[in-house]
Amino acid sequence: MRGRYRAGGSRRKIKTLIKTFMLLAISLLMLFLVCTAISLSKISHIIGKKGLISDYTLTMSNHEVVSDEGKPAIWFEPAIAEETAVYTDEGFRLSALVYRRDEDKWAVLVHGYSTGKEYMQEYARKYYEKGYSILMPDLRAHGDSQGNIVGMGWLDRMDILKWTDLILAENPEADIVLHGISMGASAVMMASGERLPENVSAIIADCGYTTVWDILEYQLKRLYDFPVFPLLHGGNIWSVRKLGYSWKDASAVKMVKASRTPILFVHGSRDDVVPVDMAFELYMAAECDKRLLIIEGAGHAMSASWEPERYWNEIFDFIR
């Protein structure tokens, strides 16, 4: 009888443990679902209609010289500007301005988040004076380009290949430089790991970030002091479902490691939007010909205006 009693007691203990475990598992699952729902709810409030954190408008844009009217200073005559376009694989029309010179040198200048091609005018002037033809695109969901979601560089990397193809269709002997600022820098770095044509001889990446996950994590903590979990994890689920890619997989680090195109990494030492540590990580990851230029004292996207002579001397020396 004692044996049966002991056996029955053991079975009851096992059943109790199983029930406790199941209740714990269900509770954890419910907690995860609730946290994810809260996360997605918060994300919906801080993500703009184009799919990104709205306050990035204040932090991720380029800081260029502006006129008294508050608009970017214009260096060129509109009469020499041509408008051109390509189409993304999804069917969005992407717009760009072209300024032609007689030589076979081309610079594709890629703007940052929430700005547009006009913010690259000072960069365009420098290249134009050196004999380069210029192509200044509006990235998807920016300026005159179509698109309902900002690409954060990852979607834009394939669009950049379309712009290089457009140049080469007209001039197969063209020597092409890709120069990006902030999100544009990450876009050209992410493109560097794709099968770029050999005509792309150099990439200038000015204050780009490592991965989409890293920059969102940094900015969420900086701007909102939100926890990474579950907020960013919930947002990443949204990205996978809505955009078709994970923020962690959208990695400039991974792509520069695969690059065979020389890359000049530029960063301001006082960048509080994209931390300068990311420049070192990207530089160390790259296995191509490379150079790292840190402009002491410069903030985000301010290197060209902080030390313009050094900035441009380093760039054209690297290109040569």
# chains A, B, ... in the order shown; residues from 1 in each chain; ligands from 1

call {"tool": "select_by_dssp", "arguments": {"residues": "range 105-317 of chain A", "states": "helix (DSSP H, G or I)", "output": "VMD selection string"}}
result
chain A and resid 117 to 129 156 to 170 183 to 192 212 to 224 231 to 243 252 to 258 277 to 285 303 to 306 308 to 317

call {"tool": "residues_around", "arguments": {"residues": "Glu103 in chain A", "least_positions_apart": "3", "cutoff": "10 Å", "atoms": "only C-alpha atoms", "output": "PyMOL selection string"}}
result
chain A and resi 100+106+131-133+174-175

call {"tool": "write_last_selection", "arguments": {"atoms": "N, CA and C atoms", "output": "PDB file, in the first residue's frame"}}
result
ATOM      1  N   ARG A 100      26.388  68.006 -66.976  1.00  0.00           N
ATOM      2  CA  ARG A 100      27.358  67.316 -67.813  1.00  0.00           C
ATOM      3  C   ARG A 100      28.623  68.138 -68.034  1.00  0.00           C
ATOM      4  N   TRP A 106      32.415  60.793 -63.729  1.00  0.00           N
ATOM      5  CA  TRP A 106      31.081  61.007 -63.176  1.00  0.00           C
ATOM      6  C   TRP A 106      31.106  60.870 -61.662  1.00  0.00           C
ATOM      7  N   GLY A 131      35.907  68.809 -63.163  1.00  0.00           N
ATOM      8  CA  GLY A 131      35.671  68.197 -64.466  1.00  0.00           C
ATOM      9  C   GLY A 131      34.727  67.019 -64.465  1.00  0.00           C
ATOM     10  N   TYR A 132      34.030  66.783 -63.357  1.00  0.00           N
ATOM     11  CA  TYR A 132      33.107  65.651 -63.270  1.00  0.00           C
ATOM     12  C   TYR A 132      31.718  66.038 -63.755  1.00  0.00           C
ATOM     13  N   SER A 133      31.098  65.126 -64.485  1.00  0.00           N
ATOM     14  CA  SER A 133      29.652  65.213 -64.675  1.00  0.00           C
ATOM     15  C   SER A 133      28.992  64.742 -63.390  1.00  0.00           C
ATOM     16  N   ALA A 174      32.810  55.501 -68.813  1.00  0.00           N
ATOM     17  CA  ALA A 174      32.728  56.428 -67.673  1.00  0.00           C
ATOM     18  C   ALA A 174      33.445  55.864 -66.450  1.00  0.00           C
ATOM     19  N   ASP A 175      34.160  56.757 -65.759  1.00  0.00           N
ATOM     20  CA  ASP A 175      34.759  56.451 -64.464  1.00  0.00           C
ATOM     21  C   ASP A 175      33.872  57.088 -63.399  1.00  0.00           C
TER      22      ASP A 175
END

call {"tool": "residues_around", "arguments": {"residues": "Val274 in chain A", "least_positions_apart": "3", "cutoff": "9 Å", "atoms": "only C-alpha atoms", "output": "list in words"}}
result
Met60, Ser182, Cys207, Gly208, Tyr209, Ile215, Tyr218, Gln219, His267, Asp271, Asp277, Met278, Ala279 and His300 of chain A

call {"tool": "atom_distance", "arguments": {"atom1": "CA of Leu168 in chain A", "atom2": "CA of Ala205 in chain A"}}
result
22.0 Å

call {"tool": "residues_around", "arguments": {"residues": "Ile263 in chain A", "least_positions_apart": "4", "cutoff": "6 Å", "atoms": "only C-alpha atoms", "output": "PDB file with N, CA and C atoms, in the first residue's frame"}}
result
ATOM      1  N   ALA A 202      35.740  54.402 -56.986  1.00  0.00           N
ATOM      2  CA  ALA A 202      35.910  54.826 -55.598  1.00  0.00           C
ATOM      3  C   ALA A 202      34.566  55.128 -54.971  1.00  0.00           C
ATOM      4  N   ILE A 203      34.525  54.947 -53.651  1.00  0.00           N
ATOM      5  CA  ILE A 203      33.331  55.267 -52.861  1.00  0.00           C
ATOM      6  C   ILE A 203      33.753  56.165 -51.707  1.00  0.00           C
ATOM      7  N   ILE A 204      33.013  57.261 -51.528  1.00  0.00           N
ATOM      8  CA  ILE A 204      33.221  58.165 -50.398  1.00  0.00           C
ATOM      9  C   ILE A 204      32.015  58.026 -49.483  1.00  0.00           C
ATOM     10  N   LYS A 290      41.381  51.054 -48.662  1.00  0.00           N
ATOM     11  CA  LYS A 290      40.549  51.892 -47.799  1.00  0.00           C
ATOM     12  C   LYS A 290      41.400  52.956 -47.131  1.00  0.00           C
TER      13      LYS A 290
END

call {"tool": "residues_around", "arguments": {"residues": "Asn199 in chain A", "least_positions_apart": "2", "cutoff": "9 Å", "atoms": "only C-alpha atoms", "output": "ChimeraX atom specification"}}
result
/A:164,168,172-177,196-197,201

call {"tool": "residues_around", "arguments": {"residues": "Tyr128 in chain A", "least_positions_apart": "2", "cutoff": "10 Å", "atoms": "only C-alpha atoms", "output": "PyMOL selection string"}}
result
chain A and resi 76+99-101+105-107+122-126+130-134

call {"tool": "write_last_selection", "arguments": {"atoms": "N, CA and C atoms", "output": "CSV table (one decimal), in the first residue's frame"}}
result
chain,number,residue,atom,x,y,z
A,76,PHE,N,24.3,76.5,-59.3
A,76,PHE,CA,24.3,76.2,-60.7
A,76,PHE,C,23.2,77.1,-61.4
A,99,TYR,N,24.3,67.2,-64.5
A,99,TYR,CA,25.1,68.3,-64.9
A,99,TYR,C,26.3,67.7,-65.7
A,100,ARG,N,26.4,68.0,-67.0
A,100,ARG,CA,27.4,67.3,-67.8
A,100,ARG,C,28.6,68.1,-68.0
A,101,ARG,N,29.7,67.4,-68.0
A,101,ARG,CA,31.0,67.9,-68.5
A,101,ARG,C,31.5,67.1,-69.7
A,105,LYS,N,34.4,61.5,-66.5
A,105,LYS,CA,34.4,61.3,-65.1
A,105,LYS,C,33.0,61.7,-64.6
A,106,TRP,N,32.4,60.8,-63.7
A,106,TRP,CA,31.1,61.0,-63.2
A,106,TRP,C,31.1,60.9,-61.7
A,107,ALA,N,30.3,61.7,-61.0
A,107,ALA,CA,30.1,61.6,-59.5
A,107,ALA,C,28.6,61.4,-59.3
A,122,GLU,N,26.5,71.8,-52.9
A,122,GLU,CA,27.9,72.2,-52.6
A,122,GLU,C,28.9,71.1,-53.0
A,123,TYR,N,28.5,69.9,-52.7
A,123,TYR,CA,29.4,68.7,-53.1
A,123,TYR,C,29.4,68.7,-54.6
A,124,ALA,N,28.3,68.9,-55.3
A,124,ALA,CA,28.3,68.9,-56.8
A,124,ALA,C,29.2,69.9,-57.4
A,125,ARG,N,29.2,71.1,-56.8
A,125,ARG,CA,30.0,72.2,-57.3
A,125,ARG,C,31.5,71.8,-57.3
A,126,LYS,N,31.9,71.2,-56.2
A,126,LYS,CA,33.3,70.8,-56.0
A,126,LYS,C,33.7,69.8,-57.1
A,130,LYS,N,36.1,70.1,-60.8
A,130,LYS,CA,37.2,69.2,-61.1
A,130,LYS,C,36.9,68.4,-62.4
A,131,GLY,N,35.9,68.8,-63.2
A,131,GLY,CA,35.7,68.2,-64.5
A,131,GLY,C,34.7,67.0,-64.5
A,132,TYR,N,34.0,66.8,-63.4
A,132,TYR,CA,33.1,65.7,-63.3
A,132,TYR,C,31.7,66.0,-63.8
A,133,SER,N,31.1,65.1,-64.5
A,133,SER,CA,29.7,65.2,-64.7
A,133,SER,C,29.0,64.7,-63.4
A,134,ILE,N,27.8,65.3,-63.1
A,134,ILE,CA,27.2,65.0,-61.8
A,134,ILE,C,25.8,64.4,-62.0

call {"tool": "atom_distance", "arguments": {"atom1": "CA of Ala285 in chain A", "atom2": "CA of Ile315 in chain A"}}
result
20.4 Å
